[in-house]
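**Student:** Dumping the structure here so I can ask a few things about it.
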Amino acid sequence: MDNVTILNHPLIQHKISRLRDKNTGTSEFRALVEEIAMLMGYEALSDLPLHDIEVETPIETCQTPVIEGKNFAVVPILRAGLGMVNGILALVPTAKVGHIGLYRDENTHEPHEYYCKLPSPIEERLIVVTDPMLATGGSAVAAVDFIKQHGGKRIKFMSIIAAPEGLKRLHETHPDVQIYVGHLDRELNQDAYICPGLGDAGDRIFGTK
């Protein structure tokens with residue numbers, strides 16, 4: 001899958017192992033998610049557009065590149081995707097942030113939209129969609145669908161842990177979306193949870209059950 005990047009950096013893998021541990025508390029879990037998102041973002045944002053500005057150094061005046069901040073947006077899938085936003089904003093503080101709210105039907109496991117707010121003009125921006133878990137792929141596919149319906153064209157997807165089933169579904173449905181994954185896990189169980197996974201990312205980030 002040429003649009004999929006599995007990030008095998010030792011720091012990412014170490015922090016994911018801490019996420020998996022059921023004894024890792026809310027505060028540490030939240031911090032780890034932000035740190036992993038920042039490390040993943042370093043790779044995912046390697047093609048951010050630049051433009052030159054004039055800067056006066058202590059030695060002379062020069063032309064030097066800066067990020068075109070108005071052309072970048074982070075769009076978390078609520079609510080767990082929020083946990084990754086600050087990690088990316090640490091890299092690009094000028095980024096705009098949108099939100100997509102989805103809930104999963106407990107019987108069909110399919111997503112339903114309840115909120116969608118995207119920064120304008122969305123069609124001119126590089127958009128990074130965040131969700132710590134790529135399980136069935138339903139929410140990821142739906143989120144990308146909504147963004148494209150609103151005019152988004154350049155879309156990336158970042159997930160800390162993915163199941164093969166969800167990765168395949170997102171890849172096949174949206175082959176134009178570059179996908180970044182921290183770790184590819186074994187499979188989904190009958191309840192559509194990733195195995196070995198780390199449980200419910202939203203509950204562990206926000207301390208809810």
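By order of appearance in the structure tokens: chains A, B, ..., then residues from 1 within every chain, and ligands from 1 in the order shown.
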Within 12 Å of A:Ser139, counting only C-alpha atoms, which residues qualify if same-chain residues fewer than 2 places away don't, as a PyMOL selection string?
**Tutor:** chain A and resi 76-81+100-105+109-113+129-137+141-146+157+159+166-167+169-170
**Student:** Pick out each residue of stretch 3-113 of chain A that DSSP on the backbone tags as helix (DSSP H, G or I); I need them as a ChimeraX atom specification.
**Tutor:** /A:10-20,26-44,69-71,82-89
**Student:** Might you pull out every residue within 7 Å of A:Met84, with only C-alpha atoms counted and same-chain residues fewer than 6 positions away left off, and present them as a PyMOL selection string?
**Tutor:** chain A and resi 33-34+37+130
**Student:** Determine the nearest neighbour of A:Ala31 from the options A:Phe72, A:Phe206, A:Tyr114, A:Tyr193, counting only C-alpha atoms.
**Tutor:**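 That would be A:Phe206, the residue with the smallest distance to A:Ala31.
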**Student:** Find the residues around stretch 39-47 of chain A up to 7 Å (only C-alpha atoms counted), leave out those fewer than 4 positions away in its own chain, and share them as a PyMOL selection string.
**Tutor:** chain A and resi 12+35+88+180
**Student:** Could you tell me how far atom CA of A:His9 lies from atom CA of A:Glu172, in Å and to one decimal?
**Tutor:**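 Separating atom CA of A:His9 from atom CA of A:Glu172 is a distance of 25.7 Å.
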**Student:** Would you mind listing what lies within 8 Å of stretch 198-200 of chain A as a VMD selection string, with only C-alpha atoms counted and same-chain residues fewer than 2 positions away left out?
**Tutor:** chain A and resid 19 to 22 193 to 196 202 to 204
**Student:** Could you turn the residues from that selection into a file that holds N, CA and C atoms, as a short mmCIF file (atom, residue, chain, number, x, y, z; two decimals), in the first residue's frame?
**Tutor:**
data_model
loop_
_atom_site.label_atom_id
_atom_site.label_comp_id
_atom_site.auth_asym_id
_atom_site.auth_seq_id
_atom_site.Cartn_x
_atom_site.Cartn_y
_atom_site.Cartn_z
N LEU A 19 1.36 3.20 26.41
CA LEU A 19 -0.08 3.39 26.22
C LEU A 19 -0.85 2.08 26.44
N ARG A 20 -0.29 0.99 25.98
CA ARG A 20 -0.99 -0.30 26.06
C ARG A 20 -1.20 -0.76 27.51
N ASP A 21 -0.27 -0.41 28.39
CA ASP A 21 -0.28 -0.89 29.76
C ASP A 21 -1.56 -0.42 30.47
N LYS A 22 -2.33 -1.36 30.97
CA LYS A 22 -3.59 -1.00 31.64
C LYS A 22 -3.36 -0.20 32.91
N TYR A 193 -13.04 -4.22 18.67
CA TYR A 193 -11.91 -3.62 19.39
C TYR A 193 -10.61 -4.15 18.81
N ILE A 194 -9.61 -3.27 18.72
CA ILE A 194 -8.30 -3.67 18.20
C ILE A 194 -7.59 -4.56 19.22
N CYS A 195 -6.99 -5.66 18.73
CA CYS A 195 -6.22 -6.57 19.58
C CYS A 195 -4.77 -6.62 19.12
N PRO A 196 -3.79 -6.47 20.02
CA PRO A 196 -3.96 -6.32 21.47
C PRO A 196 -4.45 -4.94 21.90
N GLY A 202 -10.57 7.09 23.97
CA GLY A 202 -11.28 8.25 24.49
C GLY A 202 -11.45 8.19 26.00
N ASP A 203 -11.86 7.03 26.50
CA ASP A 203 -12.03 6.86 27.95
C ASP A 203 -10.70 7.05 28.68
N ARG A 204 -9.63 6.55 28.10
CA ARG A 204 -8.34 6.62 28.78
C ARG A 204 -7.73 8.03 28.70
#
**Student:** Calculate how many Å separate atom CA of A:His14 from atom CA of A:Leu89, rounding to one decimal.
**Tutor:** 22.0 Å
**Student:** Counting only C-alpha atoms, figure out which residue out of A:Ile67, A:Val4, A:Ile36, A:Ile147 gets nearest to A:Ser17.
**Tutor:**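 Among the listed residues, the smallest separation from A:Ser17 belongs to A:Ile36.
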**Student:** Which one of A:Ile16, A:Asn3, A:Pro10, A:Ile205 sits closest to A:Ile155 if you count only C-alpha atoms?
**Tutor:**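 Using only C-alpha atoms, A:Ile155 sits closest to A:Asn3.
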**Student:** Taking into account only C-alpha atoms, which residue in the set A:Ala95, A:Ala140, A:Val74, A:Leu82 is nearest to A:Ala201?
**Tutor:**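 Counting only C-alpha atoms, the residue closest to A:Ala201 is A:Leu82.
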**Student:** Out of A:Met38, A:Phe29, A:Ile122, A:Asn71, which residue has the shortest atom-to-atom distance to A:Leu11 when counting only C-alpha atoms?
**Tutor:** A:Met38
**Student:** Go through A:Asn189, A:Gly182, A:Thr208, A:Ser120 and flag the residue nearest A:Ile6, using only C-alpha atoms for the distances.
**Tutor:** A:Gly182
**Student:** Determine, counting only C-alpha atoms, which protein, DNA and RNA residues have an atom within 6 Å of an atom of A:Leu50; residues of the same chain fewer than 3 positions away are not included. Present the result as a ChimeraX atom specification.
**Tutor:** /A:65-68
**Student:** If you measure from atom CA of A:Pro121 to atom CA of A:Val92, what distance in Å do you get, rounded to one decimal?
**Tutor:**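 Separating atom CA of A:Pro121 from atom CA of A:Val92 is a distance of 18.1 Å.
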